[in-house]
Amino acid sequence: MGSNSAANGGAEAQEEGPITEDEEGVLTINEYVEGLEAQELEVDMILGGDDGKECTYPKGYLPRQAVFSCITCCPDGNAGVCTACSMNCHDGHEIIEIWTRRHFRCDCGNSKFGIGACKLFSSKDSVNEENVYNKNYKGLYCACNRPYPDPDAVEDMGEMLQCCICEDWFHEAHLGLASTEEVPRDEEGEPCFDEVICQVCAVSLDFLSHYRTLMVPLHNSTSPEVPAEFLPVSALDRRSNGIMEEGVEGASETNVAVPEPSRTAEKVALTEINTLQTHQSDTLKEETNTLQAQQSESLKQESMDRNLIHGGAICSNGTDKNKADCSNASQPCKILSGEASGSVQNGENGSLNHCAEQQNTISSIWTDKALFLIKNWRSQLCRCNACLERYAKKHVSFLMDADDTITKYEEVAKEKRKEKMDACSRQDLSFLNGMSHVGKIEFMHGLSEMTSELSAFFASRESGKAITSADIYEVFENLKKKKRARLE
């Protein structure tokens, strides 16, 4: 729908009549061509390089594809169709662009569409059991359940950002931040994060509390910080720009330094953590031994665990069970070792003790804000058997699938675009190679004359004067005259 609006706007800009210097939209030919190429690239990136000629249903549940909702056919918003079906089977209907969805199969023509059959691929199951739908299919977004764009919006709520977990779209103002100014951006206002996890999903993914180094700090944050008892020790060390640089005299390398007296709240929290680390209770030691035994048993049964993790029940939320990366399933747990939080301890028992204590103190409300993640953060998540099971229980095994990311989706789109452009170049070359020697000379003469005529035409134009159909007609009449003169 946006492209149609752009086309209409372009047509209006070409109306005859003088254009004042104050009016916008005056472009050179090069700028116009570059603009078209940029728009084509943007479309290819959104559609994943899909040319819209074939229904994607036969390909099964794709890791990621562009999806559309037809409100005309399914007003309840309980179905989605692929790019090709949106153009061929639902032309003229009220279509909502969902953008991309993971692990989705085209619904067009199934039982949700009544008697209407898919024009491109009619042999489909009555229902795609593994498809997941949300309010976006009804044209509603964010925690505010409003359409986008919102015709009744009375204030600027910032840009819309998509949660990489639930895939809903959120206004920046509705991500649990004190203000939209906290969204991490660089000096030019460009986002300096790779993915976003909304505040609702973040609460359930409490294992991320051990990965503070993968999170981009909020910009000019005025929000209260996460309570100290919910942070890994290394995160506490980094919190106050060097406050922890000097340690307590006689403290071990694993102990936390005592902060300045003015930091009363942090001092109490740090003292408690320090005490827990240096004076482990018998109960905690027993839990540590249990964790060690569990991990040892897990490594012995690596093959069995892999089969379990790749089972349909675990991968039912959109993960291709053949894609999940378990190549390092036998590695030690990053959380248990302290590697996840950047606080690797000296000695195996020390690290396990620290992690056991941390896991026991993590609260279900460890954060109430959205999380902004650095590039390639998924690849740094632990892939031990215990953590893979944890991801599966929380239905986020897709985090292990490299093909699930928007970055990978766009890379594939760029590759398809390059292949398409290369094919066009080869066709052009084939066209020239198929011409006779005389034909090639005539073609090059004609191209040269057209370039010269257009250059002369634009050089003679008054600045700001609109180009009319009569002007274009005159250019081609001049070209015909030059060709006749050359052949006579």
# chains A, B, ... in the order shown; residues from 1 in each chain; ligands from 1
>>> residues_around(residues="His174 (chain A)", least_positions_apart="4", cutoff="10 Å", atoms="only C-alpha atoms", output="list of chain:residue names")
A:Cys142, A:Ala143, A:Cys144, A:Met157, A:Gly158, A:Met160, A:Phe170, A:Ala178, A:Ser179, A:Thr180, A:Cys198, A:Gln199, A:Lys369, A:Ala370
>>> write_last_selection(atoms="N, CA, C and O atoms", output="tab-separated table (two decimals), in the first residue's frame")
chain	number	residue	atom	x	y	z
A	142	CYS	N	1.60	-3.73	19.47
A	142	CYS	CA	2.09	-3.15	20.72
A	142	CYS	C	1.22	-3.52	21.91
A	142	CYS	O	0.15	-4.13	21.79
A	143	ALA	N	1.66	-3.12	23.10
A	143	ALA	CA	0.90	-3.34	24.33
A	143	ALA	C	-0.35	-2.49	24.35
A	143	ALA	O	-1.30	-2.77	25.09
A	144	CYS	N	-0.38	-1.44	23.51
A	144	CYS	CA	-1.53	-0.54	23.47
A	144	CYS	C	-2.63	-1.04	22.54
A	144	CYS	O	-3.72	-0.46	22.47
A	157	MET	N	5.00	8.58	19.79
A	157	MET	CA	5.38	7.44	20.63
A	157	MET	C	6.65	6.77	20.12
A	157	MET	O	6.98	5.66	20.52
A	158	GLY	N	7.37	7.44	19.22
A	158	GLY	CA	8.62	6.90	18.70
A	158	GLY	C	8.40	5.90	17.60
A	158	GLY	O	7.28	5.68	17.13
A	160	MET	N	8.46	2.11	15.70
A	160	MET	CA	7.99	0.78	16.05
A	160	MET	C	9.16	-0.20	15.96
A	160	MET	O	9.86	-0.25	14.94
A	170	PHE	N	6.31	-2.92	18.84
A	170	PHE	CA	6.07	-2.05	19.98
A	170	PHE	C	6.52	-0.62	19.70
A	170	PHE	O	7.58	-0.40	19.09
A	178	ALA	N	11.77	4.86	30.72
A	178	ALA	CA	11.33	6.12	31.30
A	178	ALA	C	10.93	7.10	30.20
A	178	ALA	O	10.02	7.91	30.38
A	179	SER	N	11.60	7.03	29.06
A	179	SER	CA	11.27	7.86	27.91
A	179	SER	C	11.89	7.23	26.68
A	179	SER	O	12.78	6.38	26.76
A	180	THR	N	11.46	7.69	25.50
A	180	THR	CA	12.02	7.17	24.26
A	180	THR	C	13.48	7.58	24.09
A	180	THR	O	14.19	7.00	23.26
A	198	CYS	N	11.09	-7.49	24.01
A	198	CYS	CA	10.15	-6.65	24.76
A	198	CYS	C	10.18	-7.00	26.24
A	198	CYS	O	10.66	-8.07	26.64
A	199	GLN	N	9.65	-6.10	27.08
A	199	GLN	CA	9.71	-6.29	28.53
A	199	GLN	C	8.94	-7.51	29.00
A	199	GLN	O	9.30	-8.13	30.01
A	369	LYS	N	11.99	-3.89	31.86
A	369	LYS	CA	12.25	-3.06	30.68
A	369	LYS	C	12.62	-3.97	29.51
A	369	LYS	O	13.05	-5.10	29.68
A	370	ALA	N	12.48	-3.43	28.31
A	370	ALA	CA	12.92	-4.14	27.11
A	370	ALA	C	14.44	-4.26	27.13
A	370	ALA	O	15.14	-3.46	27.75
>>> select_by_dssp(residues="region 127-191 of chain A", states="strand (DSSP E or B)", output="VMD selection string")
chain A and resid 141 146 160 to 163 169 to 171 185 191
>>> write_last_selection(atoms="all heavy atoms", output="compact mmCIF listing (two decimals), in the first residue's frame")
# COMPACT_ATOMS: atom_id res chain seq x y z
N TYR A 141 -1.18 -3.71 17.11
CA TYR A 141 0.20 -3.88 17.52
C TYR A 141 0.43 -3.34 18.92
O TYR A 141 -0.38 -2.61 19.46
CB TYR A 141 1.14 -3.14 16.54
CG TYR A 141 0.92 -3.50 15.10
CD1 TYR A 141 0.00 -2.82 14.31
CD2 TYR A 141 1.63 -4.55 14.51
CE1 TYR A 141 -0.22 -3.16 12.98
CE2 TYR A 141 1.42 -4.90 13.18
CZ TYR A 141 0.50 -4.20 12.42
OH TYR A 141 0.29 -4.55 11.12
N ARG A 146 -3.06 -0.93 19.30
CA ARG A 146 -3.50 0.09 18.35
C ARG A 146 -2.99 -0.25 16.95
O ARG A 146 -2.01 -0.98 16.78
CB ARG A 146 -2.97 1.47 18.76
CG ARG A 146 -3.48 1.95 20.10
CD ARG A 146 -4.98 2.19 20.08
NE ARG A 146 -5.35 3.15 19.04
CZ ARG A 146 -6.60 3.37 18.66
NH1 ARG A 146 -7.60 2.70 19.20
NH2 ARG A 146 -6.86 4.27 17.71
N MET A 160 8.46 2.11 15.70
CA MET A 160 7.99 0.78 16.05
C MET A 160 9.16 -0.20 15.96
O MET A 160 9.86 -0.25 14.94
CB MET A 160 6.87 0.34 15.11
CG MET A 160 5.61 1.17 15.20
SD MET A 160 4.65 0.84 16.69
CE MET A 160 3.84 -0.70 16.25
N LEU A 161 9.39 -0.98 17.02
CA LEU A 161 10.46 -1.97 17.05
C LEU A 161 9.85 -3.35 17.26
O LEU A 161 8.91 -3.52 18.04
CB LEU A 161 11.43 -1.66 18.19
CG LEU A 161 12.10 -0.28 18.15
CD1 LEU A 161 12.99 -0.10 19.38
CD2 LEU A 161 12.92 -0.10 16.89
N GLN A 162 10.39 -4.34 16.56
CA GLN A 162 9.86 -5.69 16.66
C GLN A 162 10.62 -6.53 17.67
O GLN A 162 11.85 -6.58 17.64
CB GLN A 162 9.88 -6.40 15.30
CG GLN A 162 9.17 -7.75 15.32
CD GLN A 162 9.24 -8.47 13.98
OE1 GLN A 162 10.24 -8.40 13.29
NE2 GLN A 162 8.18 -9.17 13.63
N CYS A 163 9.90 -7.17 18.57
CA CYS A 163 10.50 -8.09 19.53
C CYS A 163 10.93 -9.35 18.79
O CYS A 163 10.14 -9.94 18.04
CB CYS A 163 9.50 -8.42 20.64
SG CYS A 163 10.07 -9.72 21.77
N TRP A 169 5.12 -5.94 17.38
CA TRP A 169 5.75 -4.63 17.19
C TRP A 169 5.36 -3.70 18.33
O TRP A 169 4.20 -3.67 18.74
CB TRP A 169 5.33 -4.02 15.85
CG TRP A 169 5.89 -4.74 14.67
CD1 TRP A 169 5.41 -5.86 14.09
CD2 TRP A 169 7.06 -4.37 13.92
NE1 TRP A 169 6.19 -6.24 13.02
CE2 TRP A 169 7.21 -5.34 12.89
CE3 TRP A 169 7.98 -3.34 14.01
CZ2 TRP A 169 8.25 -5.29 11.98
CZ3 TRP A 169 9.01 -3.30 13.09
CH2 TRP A 169 9.15 -4.26 12.09
N PHE A 170 6.31 -2.92 18.84
CA PHE A 170 6.07 -2.05 19.98
C PHE A 170 6.52 -0.62 19.70
O PHE A 170 7.58 -0.40 19.09
CB PHE A 170 6.83 -2.56 21.22
CG PHE A 170 6.32 -3.87 21.74
CD1 PHE A 170 6.74 -5.07 21.19
CD2 PHE A 170 5.40 -3.92 22.78
CE1 PHE A 170 6.28 -6.29 21.65
CE2 PHE A 170 4.92 -5.13 23.26
CZ PHE A 170 5.36 -6.32 22.70
N HIS A 171 5.72 0.34 20.16
CA HIS A 171 6.18 1.72 20.15
C HIS A 171 7.33 1.86 21.13
O HIS A 171 7.34 1.21 22.18
CB HIS A 171 5.05 2.68 20.58
CG HIS A 171 3.87 2.68 19.66
ND1 HIS A 171 2.72 1.98 19.95
CD2 HIS A 171 3.67 3.29 18.46
CE1 HIS A 171 1.84 2.19 18.97
NE2 HIS A 171 2.39 2.96 18.05
N ARG A 185 20.98 4.86 20.84
CA ARG A 185 21.24 5.36 19.49
C ARG A 185 22.58 6.08 19.49
O ARG A 185 23.05 6.55 20.53
CB ARG A 185 20.14 6.32 19.03
CG ARG A 185 18.76 5.67 18.95
CD ARG A 185 17.72 6.63 18.36
NE ARG A 185 16.39 6.05 18.33
CZ ARG A 185 15.95 5.21 17.41
NH1 ARG A 185 16.76 4.88 16.41
NH2 ARG A 185 14.74 4.70 17.45
N PRO A 191 20.09 3.49 15.38
CA PRO A 191 20.11 2.47 16.44
C PRO A 191 21.48 1.82 16.56
O PRO A 191 22.13 1.52 15.55
CB PRO A 191 19.07 1.44 15.95
CG PRO A 191 18.19 2.21 15.01
CD PRO A 191 19.08 3.21 14.34
>>> residues_around(residues="Glu410 (chain A)", least_positions_apart="3", cutoff="10 Å", atoms="only C-alpha atoms", output="MDAnalysis selection string")
chainID A and resid 42 44:49 405:407 413:416
>>> write_last_selection(atoms="N, CA and C atoms", output="JSON list (two decimals), in the first residue's frame")
[["chain", "number", "residue", "atom", "x", "y", "z"],
["A", 42, "GLU", "N", 14.99, -2.11, -0.92],
["A", 42, "GLU", "CA", 14.20, -2.16, 0.32],
["A", 42, "GLU", "C", 13.08, -3.19, 0.19],
["A", 44, "ASP", "N", 13.08, -5.81, -1.83],
["A", 44, "ASP", "CA", 13.70, -7.12, -1.83],
["A", 44, "ASP", "C", 14.07, -7.57, -0.42],
["A", 45, "MET", "N", 14.52, -6.63, 0.41],
["A", 45, "MET", "CA", 14.91, -6.96, 1.78],
["A", 45, "MET", "C", 13.69, -7.38, 2.59],
["A", 46, "ILE", "N", 12.56, -6.70, 2.38],
["A", 46, "ILE", "CA", 11.33, -7.02, 3.11],
["A", 46, "ILE", "C", 10.77, -8.36, 2.66],
["A", 47, "LEU", "N", 10.78, -8.59, 1.36],
["A", 47, "LEU", "CA", 10.20, -9.81, 0.80],
["A", 47, "LEU", "C", 11.18, -10.97, 0.75],
["A", 48, "GLY", "N", 12.40, -10.73, 1.21],
["A", 48, "GLY", "CA", 13.38, -11.80, 1.22],
["A", 48, "GLY", "C", 13.82, -12.24, -0.15],
["A", 49, "GLY", "N", 13.70, -11.33, -1.14],
["A", 49, "GLY", "CA", 14.09, -11.68, -2.50],
["A", 49, "GLY", "C", 13.05, -12.50, -3.24],
["A", 405, "THR", "N", 17.37, -15.39, 12.20],
["A", 405, "THR", "CA", 17.59, -13.95, 12.39],
["A", 405, "THR", "C", 17.21, -13.13, 11.16],
["A", 406, "ILE", "N", 16.83, -11.87, 11.42],
["A", 406, "ILE", "CA", 16.54, -10.94, 10.34],
["A", 406, "ILE", "C", 17.80, -10.67, 9.51],
["A", 407, "THR", "N", 18.94, -10.66, 10.18],
["A", 407, "THR", "CA", 20.21, -10.43, 9.48],
["A", 407, "THR", "C", 20.43, -11.49, 8.40],
["A", 413, "ALA", "N", 18.31, -12.27, 0.95],
["A", 413, "ALA", "CA", 17.64, -11.37, 0.01],
["A", 413, "ALA", "C", 18.66, -10.66, -0.89],
["A", 414, "LYS", "N", 19.76, -10.21, -0.30],
["A", 414, "LYS", "CA", 20.79, -9.53, -1.07],
["A", 414, "LYS", "C", 21.44, -10.48, -2.08],
["A", 415, "GLU", "N", 21.65, -11.73, -1.66],
["A", 415, "GLU", "CA", 22.23, -12.71, -2.57],
["A", 415, "GLU", "C", 21.31, -12.97, -3.76],
["A", 416, "LYS", "N", 20.00, -13.08, -3.47],
["A", 416, "LYS", "CA", 19.03, -13.31, -4.55],
["A", 416, "LYS", "C", 18.99, -12.11, -5.49]]
>>> select_by_dssp(residues="region 14-223 of chain A", states="helix (DSSP H, G or I)", output="MDAnalysis selection string")
chainID A and resid 29:47 57:59 83:88 111:113 135:138 172:174 180:182 199:204 206:210 212:214
>>> residues_around(residues="region 450-453 of chain A", least_positions_apart="5", cutoff="10 Å", atoms="only C-alpha atoms", output="list in words")
Met444, His445, Phe458, Ala459, Val475, Phe476, Asn478, Leu479 and Lys482 of chain A
>>> closest_residue(among="A:Ile441, A:Val196, A:Cys106, A:Ile95", to="Leu373 (chain A)", atoms="only C-alpha atoms")
A:Val196
>>> residues_around(residues="His219 (chain A)", least_positions_apart="5", cutoff="9 Å", atoms="only C-alpha atoms", output="PDB file with all heavy atoms, in the first residue's frame")
ATOM      1  N   GLU A 181      13.922   8.558  24.861  1.00  0.00           N
ATOM      2  CA  GLU A 181      15.311   9.001  24.783  1.00  0.00           C
ATOM      3  C   GLU A 181      16.273   7.920  25.280  1.00  0.00           C
ATOM      4  O   GLU A 181      17.476   7.994  25.031  1.00  0.00           O
ATOM      5  CB  GLU A 181      15.500  10.280  25.608  1.00  0.00           C
ATOM      6  CG  GLU A 181      14.705  11.476  25.103  1.00  0.00           C
ATOM      7  CD  GLU A 181      15.135  11.898  23.711  1.00  0.00           C
ATOM      8  OE1 GLU A 181      16.342  11.826  23.426  1.00  0.00           O
ATOM      9  OE2 GLU A 181      14.272  12.285  22.908  1.00  0.00           O
ATOM     10  N   GLU A 182      15.757   6.930  26.010  1.00  0.00           N
ATOM     11  CA  GLU A 182      16.618   5.877  26.535  1.00  0.00           C
ATOM     12  C   GLU A 182      16.970   4.824  25.488  1.00  0.00           C
ATOM     13  O   GLU A 182      17.878   4.015  25.696  1.00  0.00           O
ATOM     14  CB  GLU A 182      15.950   5.192  27.726  1.00  0.00           C
ATOM     15  CG  GLU A 182      15.889   6.058  28.972  1.00  0.00           C
ATOM     16  CD  GLU A 182      15.421   5.289  30.192  1.00  0.00           C
ATOM     17  OE1 GLU A 182      14.797   4.221  30.026  1.00  0.00           O
ATOM     18  OE2 GLU A 182      15.695   5.739  31.310  1.00  0.00           O
ATOM     19  N   VAL A 183      16.260   4.811  24.375  1.00  0.00           N
ATOM     20  CA  VAL A 183      16.568   3.837  23.316  1.00  0.00           C
ATOM     21  C   VAL A 183      17.994   4.074  22.827  1.00  0.00           C
ATOM     22  O   VAL A 183      18.342   5.186  22.425  1.00  0.00           O
ATOM     23  CB  VAL A 183      15.577   3.961  22.142  1.00  0.00           C
ATOM     24  CG1 VAL A 183      15.965   3.008  21.020  1.00  0.00           C
ATOM     25  CG2 VAL A 183      14.153   3.679  22.616  1.00  0.00           C
ATOM     26  N   PRO A 184      18.859   3.065  22.871  1.00  0.00           N
ATOM     27  CA  PRO A 184      20.272   3.257  22.499  1.00  0.00           C
ATOM     28  C   PRO A 184      20.442   3.674  21.040  1.00  0.00           C
ATOM     29  O   PRO A 184      20.089   2.929  20.138  1.00  0.00           O
ATOM     30  CB  PRO A 184      20.888   1.873  22.755  1.00  0.00           C
ATOM     31  CG  PRO A 184      19.943   1.179  23.673  1.00  0.00           C
ATOM     32  CD  PRO A 184      18.585   1.687  23.307  1.00  0.00           C
ATOM     33  N   ARG A 185      20.976   4.861  20.838  1.00  0.00           N
ATOM     34  CA  ARG A 185      21.241   5.362  19.491  1.00  0.00           C
ATOM     35  C   ARG A 185      22.583   6.081  19.493  1.00  0.00           C
ATOM     36  O   ARG A 185      23.049   6.552  20.526  1.00  0.00           O
ATOM     37  CB  ARG A 185      20.136   6.319  19.027  1.00  0.00           C
ATOM     38  CG  ARG A 185      18.757   5.673  18.948  1.00  0.00           C
ATOM     39  CD  ARG A 185      17.725   6.633  18.359  1.00  0.00           C
ATOM     40  NE  ARG A 185      16.393   6.045  18.330  1.00  0.00           N
ATOM     41  CZ  ARG A 185      15.952   5.207  17.406  1.00  0.00           C
ATOM     42  NH1 ARG A 185      16.757   4.881  16.408  1.00  0.00           N
ATOM     43  NH2 ARG A 185      14.739   4.705  17.455  1.00  0.00           N
TER      44      ARG A 185
END
>>> residues_around(residues="region 114-130 of chain A", least_positions_apart="5", cutoff="10 Å", atoms="only C-alpha atoms", output="PyMOL selection string")
chain A and resi 53-58+60-61+73-74+79+81+84-85+88-90+103-109+316-318
>>> write_last_selection(atoms="N, CA, C and O atoms", output="short mmCIF file (atom, residue, chain, number, x, y, z; two decimals), in the first residue's frame")
data_model
loop_
_atom_site.label_atom_id
_atom_site.label_comp_id
_atom_site.auth_asym_id
_atom_site.auth_seq_id
_atom_site.Cartn_x
_atom_site.Cartn_y
_atom_site.Cartn_z
N LYS A 53 6.05 -15.01 -7.61
CA LYS A 53 5.49 -15.79 -8.73
C LYS A 53 4.96 -17.15 -8.30
O LYS A 53 4.10 -17.71 -8.96
N GLU A 54 5.48 -17.70 -7.21
CA GLU A 54 5.08 -19.03 -6.77
C GLU A 54 4.69 -19.03 -5.30
O GLU A 54 5.33 -18.35 -4.48
N CYS A 55 3.65 -19.79 -4.97
CA CYS A 55 3.24 -19.95 -3.58
C CYS A 55 4.33 -20.73 -2.83
O CYS A 55 4.91 -21.69 -3.36
N THR A 56 4.60 -20.34 -1.62
CA THR A 56 5.69 -20.97 -0.85
C THR A 56 5.23 -22.23 -0.11
O THR A 56 6.04 -22.88 0.53
N TYR A 57 3.95 -22.57 -0.19
CA TYR A 57 3.43 -23.72 0.57
C TYR A 57 4.21 -25.01 0.33
O TYR A 57 4.53 -25.74 1.29
N PRO A 58 4.55 -25.35 -0.92
CA PRO A 58 5.27 -26.61 -1.15
C PRO A 58 6.62 -26.68 -0.45
O PRO A 58 7.16 -27.78 -0.26
N GLY A 60 7.15 -25.99 2.58
CA GLY A 60 6.95 -26.32 3.99
C GLY A 60 7.05 -25.09 4.89
O GLY A 60 6.85 -23.95 4.45
N TYR A 61 7.35 -25.34 6.17
CA TYR A 61 7.48 -24.25 7.13
C TYR A 61 8.87 -23.62 6.97
O TYR A 61 9.88 -24.21 7.36
N CYS A 73 -10.86 -11.76 3.45
CA CYS A 73 -11.17 -13.19 3.49
C CYS A 73 -11.25 -13.74 4.91
O CYS A 73 -12.07 -14.61 5.20
N CYS A 74 -10.39 -13.24 5.79
CA CYS A 74 -10.33 -13.74 7.17
C CYS A 74 -10.34 -12.57 8.15
O CYS A 74 -9.29 -12.17 8.68
N ALA A 79 -5.26 -16.14 9.87
CA ALA A 79 -4.61 -16.78 8.73
C ALA A 79 -3.60 -15.82 8.11
O ALA A 79 -3.72 -14.60 8.24
N VAL A 81 -0.89 -15.34 4.45
CA VAL A 81 -0.56 -15.81 3.10
C VAL A 81 0.81 -15.31 2.70
O VAL A 81 1.33 -14.32 3.25
N ALA A 84 3.37 -14.19 -2.98
CA ALA A 84 2.75 -14.49 -4.27
C ALA A 84 1.24 -14.56 -4.16
O ALA A 84 0.52 -14.03 -5.02
N CYS A 85 0.73 -15.19 -3.12
CA CYS A 85 -0.72 -15.30 -2.95
C CYS A 85 -1.36 -13.95 -2.64
O CYS A 85 -2.49 -13.68 -3.05
N ASN A 88 -1.58 -12.46 -6.19
CA ASN A 88 -2.33 -13.18 -7.22
C ASN A 88 -3.72 -13.63 -6.77
O ASN A 88 -4.66 -13.63 -7.57
N CYS A 89 -3.85 -14.03 -5.52
CA CYS A 89 -5.13 -14.55 -5.03
C CYS A 89 -5.94 -13.51 -4.27
O CYS A 89 -7.15 -13.69 -4.10
N HIS A 90 -5.30 -12.45 -3.79
CA HIS A 90 -6.00 -11.48 -2.95
C HIS A 90 -5.83 -10.04 -3.46
O HIS A 90 -5.88 -9.10 -2.69
N HIS A 103 9.02 -19.80 10.90
CA HIS A 103 8.37 -21.11 10.88
C HIS A 103 6.90 -20.98 10.48
O HIS A 103 6.00 -21.34 11.25
N PHE A 104 6.67 -20.46 9.28
CA PHE A 104 5.30 -20.21 8.82
C PHE A 104 5.07 -20.87 7.47
O PHE A 104 5.96 -20.93 6.63
N ARG A 105 3.83 -21.35 7.28
CA ARG A 105 3.43 -21.97 6.01
C ARG A 105 2.18 -21.27 5.48
O ARG A 105 1.26 -20.98 6.26
N CYS A 106 2.15 -20.99 4.20
CA CYS A 106 1.06 -20.23 3.59
C CYS A 106 -0.29 -20.90 3.81
O CYS A 106 -0.47 -22.09 3.55
N ASP A 107 -1.28 -20.11 4.29
CA ASP A 107 -2.63 -20.61 4.57
C ASP A 107 -3.58 -20.46 3.39
O ASP A 107 -4.71 -20.99 3.43
N CYS A 108 -3.19 -19.70 2.38
CA CYS A 108 -4.12 -19.34 1.31
C CYS A 108 -4.85 -20.54 0.74
O CYS A 108 -4.25 -21.53 0.33
N GLY A 109 -6.19 -20.45 0.75
CA GLY A 109 -7.01 -21.49 0.17
C GLY A 109 -7.35 -22.65 1.08
O GLY A 109 -8.09 -23.56 0.68
N SER A 316 8.55 -27.22 18.51
CA SER A 316 7.24 -26.91 17.94
C SER A 316 6.96 -25.43 17.81
O SER A 316 5.99 -25.04 17.20
N ASN A 317 7.82 -24.56 18.40
CA ASN A 317 7.52 -23.14 18.34
C ASN A 317 8.20 -22.44 17.18
O ASN A 317 8.40 -21.24 17.20
N GLY A 318 8.63 -23.21 16.19
CA GLY A 318 9.15 -22.54 15.02
C GLY A 318 10.59 -22.80 14.74
O GLY A 318 11.22 -22.06 14.00
#
>>> residues_around(residues="Cys333 (chain A)", least_positions_apart="5", cutoff="9 Å", atoms="only C-alpha atoms", output="ChimeraX atom specification")
/A:295,338-340,382-387
>>> write_last_selection(atoms="all heavy atoms", output="mmCIF file, in the first residue's frame")
data_model
loop_
_atom_site.group_PDB
_atom_site.id
_atom_site.type_symbol
_atom_site.label_atom_id
_atom_site.label_comp_id
_atom_site.auth_asym_id
_atom_site.auth_seq_id
_atom_site.Cartn_x
_atom_site.Cartn_y
_atom_site.Cartn_z
ATOM 1 N N GLN A 295 25.599 -32.262 35.665
ATOM 2 C CA GLN A 295 26.297 -31.917 34.435
ATOM 3 C C GLN A 295 27.117 -33.101 33.927
ATOM 4 O O GLN A 295 27.162 -33.381 32.735
ATOM 5 C CB GLN A 295 27.208 -30.719 34.658
ATOM 6 C CG GLN A 295 27.854 -30.236 33.353
ATOM 7 C CD GLN A 295 28.661 -28.983 33.557
ATOM 8 O OE1 GLN A 295 29.144 -28.727 34.645
ATOM 9 N NE2 GLN A 295 28.803 -28.205 32.510
ATOM 10 N N GLY A 338 30.737 -19.174 34.820
ATOM 11 C CA GLY A 338 30.870 -17.732 34.986
ATOM 12 C C GLY A 338 31.230 -17.020 33.709
ATOM 13 O O GLY A 338 31.317 -15.803 33.673
ATOM 14 N N GLU A 339 31.449 -17.778 32.609
ATOM 15 C CA GLU A 339 31.841 -17.169 31.341
ATOM 16 C C GLU A 339 30.745 -16.272 30.780
ATOM 17 O O GLU A 339 31.014 -15.243 30.177
ATOM 18 C CB GLU A 339 32.186 -18.254 30.327
ATOM 19 C CG GLU A 339 32.634 -17.711 28.983
ATOM 20 C CD GLU A 339 32.933 -18.807 27.980
ATOM 21 O OE1 GLU A 339 32.986 -19.992 28.382
ATOM 22 O OE2 GLU A 339 33.107 -18.485 26.795
ATOM 23 N N ALA A 340 29.484 -16.637 30.996
ATOM 24 C CA ALA A 340 28.370 -15.859 30.446
ATOM 25 C C ALA A 340 28.369 -14.436 30.964
ATOM 26 O O ALA A 340 28.121 -13.480 30.232
ATOM 27 C CB ALA A 340 27.039 -16.543 30.786
ATOM 28 N N CYS A 382 25.031 -19.946 25.813
ATOM 29 C CA CYS A 382 25.562 -21.278 26.120
ATOM 30 C C CYS A 382 24.796 -22.348 25.355
ATOM 31 O O CYS A 382 23.574 -22.261 25.184
ATOM 32 C CB CYS A 382 25.468 -21.530 27.622
ATOM 33 S SG CYS A 382 26.135 -23.140 28.128
ATOM 34 N N ARG A 383 25.523 -23.383 24.919
ATOM 35 C CA ARG A 383 24.918 -24.474 24.177
ATOM 36 C C ARG A 383 25.140 -25.822 24.852
ATOM 37 O O ARG A 383 25.131 -26.863 24.205
ATOM 38 C CB ARG A 383 25.476 -24.511 22.748
ATOM 39 C CG ARG A 383 24.851 -23.447 21.849
ATOM 40 C CD ARG A 383 25.623 -23.291 20.558
ATOM 41 N NE ARG A 383 24.886 -22.537 19.562
ATOM 42 C CZ ARG A 383 24.664 -21.229 19.602
ATOM 43 N NH1 ARG A 383 25.165 -20.518 20.614
ATOM 44 N NH2 ARG A 383 23.976 -20.620 18.667
ATOM 45 N N CYS A 384 25.345 -25.817 26.152
ATOM 46 C CA CYS A 384 25.453 -27.086 26.863
ATOM 47 C C CYS A 384 24.073 -27.744 26.907
ATOM 48 O O CYS A 384 23.053 -27.098 26.652
ATOM 49 C CB CYS A 384 26.001 -26.880 28.278
ATOM 50 S SG CYS A 384 24.792 -26.213 29.456
ATOM 51 N N ASN A 385 24.030 -29.022 27.237
ATOM 52 C CA ASN A 385 22.762 -29.752 27.232
ATOM 53 C C ASN A 385 21.738 -29.140 28.174
ATOM 54 O O ASN A 385 20.553 -29.045 27.847
ATOM 55 C CB ASN A 385 23.015 -31.225 27.605
ATOM 56 C CG ASN A 385 23.715 -31.987 26.495
ATOM 57 O OD1 ASN A 385 23.485 -31.745 25.325
ATOM 58 N ND2 ASN A 385 24.590 -32.907 26.874
ATOM 59 N N ALA A 386 22.191 -28.739 29.349
ATOM 60 C CA ALA A 386 21.267 -28.175 30.337
ATOM 61 C C ALA A 386 20.625 -26.895 29.819
ATOM 62 O O ALA A 386 19.419 -26.675 29.978
ATOM 63 C CB ALA A 386 21.998 -27.914 31.644
ATOM 64 N N CYS A 387 21.429 -26.041 29.172
ATOM 65 C CA CYS A 387 20.888 -24.776 28.663
ATOM 66 C C CYS A 387 19.986 -25.004 27.456
ATOM 67 O O CYS A 387 18.978 -24.320 27.294
ATOM 68 C CB CYS A 387 22.027 -23.821 28.308
ATOM 69 S SG CYS A 387 22.788 -23.037 29.751
#
>>> atom_distance(atom1="CA of Cys164 (chain A)", atom2="CA of Glu195 (chain A)")
6.5 Å
>>> decode(residues="region 153-161 of chain A", atoms="C-alpha atoms", output="mmCIF file, in the first residue's frame")
data_model
loop_
_atom_site.group_PDB
_atom_site.id
_atom_site.type_symbol
_atom_site.label_atom_id
_atom_site.label_comp_id
_atom_site.auth_asym_id
_atom_site.auth_seq_id
_atom_site.Cartn_x
_atom_site.Cartn_y
_atom_site.Cartn_z
ATOM 1 C CA ALA A 153 -2.521 9.157 17.981
ATOM 2 C CA VAL A 154 -2.192 12.407 19.931
ATOM 3 C CA GLU A 155 1.519 12.175 20.762
ATOM 4 C CA ASP A 156 4.742 10.930 19.251
ATOM 5 C CA MET A 157 5.380 7.444 20.629
ATOM 6 C CA GLY A 158 8.615 6.902 18.701
ATOM 7 C CA GLU A 159 9.400 4.295 16.103
ATOM 8 C CA MET A 160 7.987 0.778 16.052
ATOM 9 C CA LEU A 161 10.457 -1.967 17.053
#
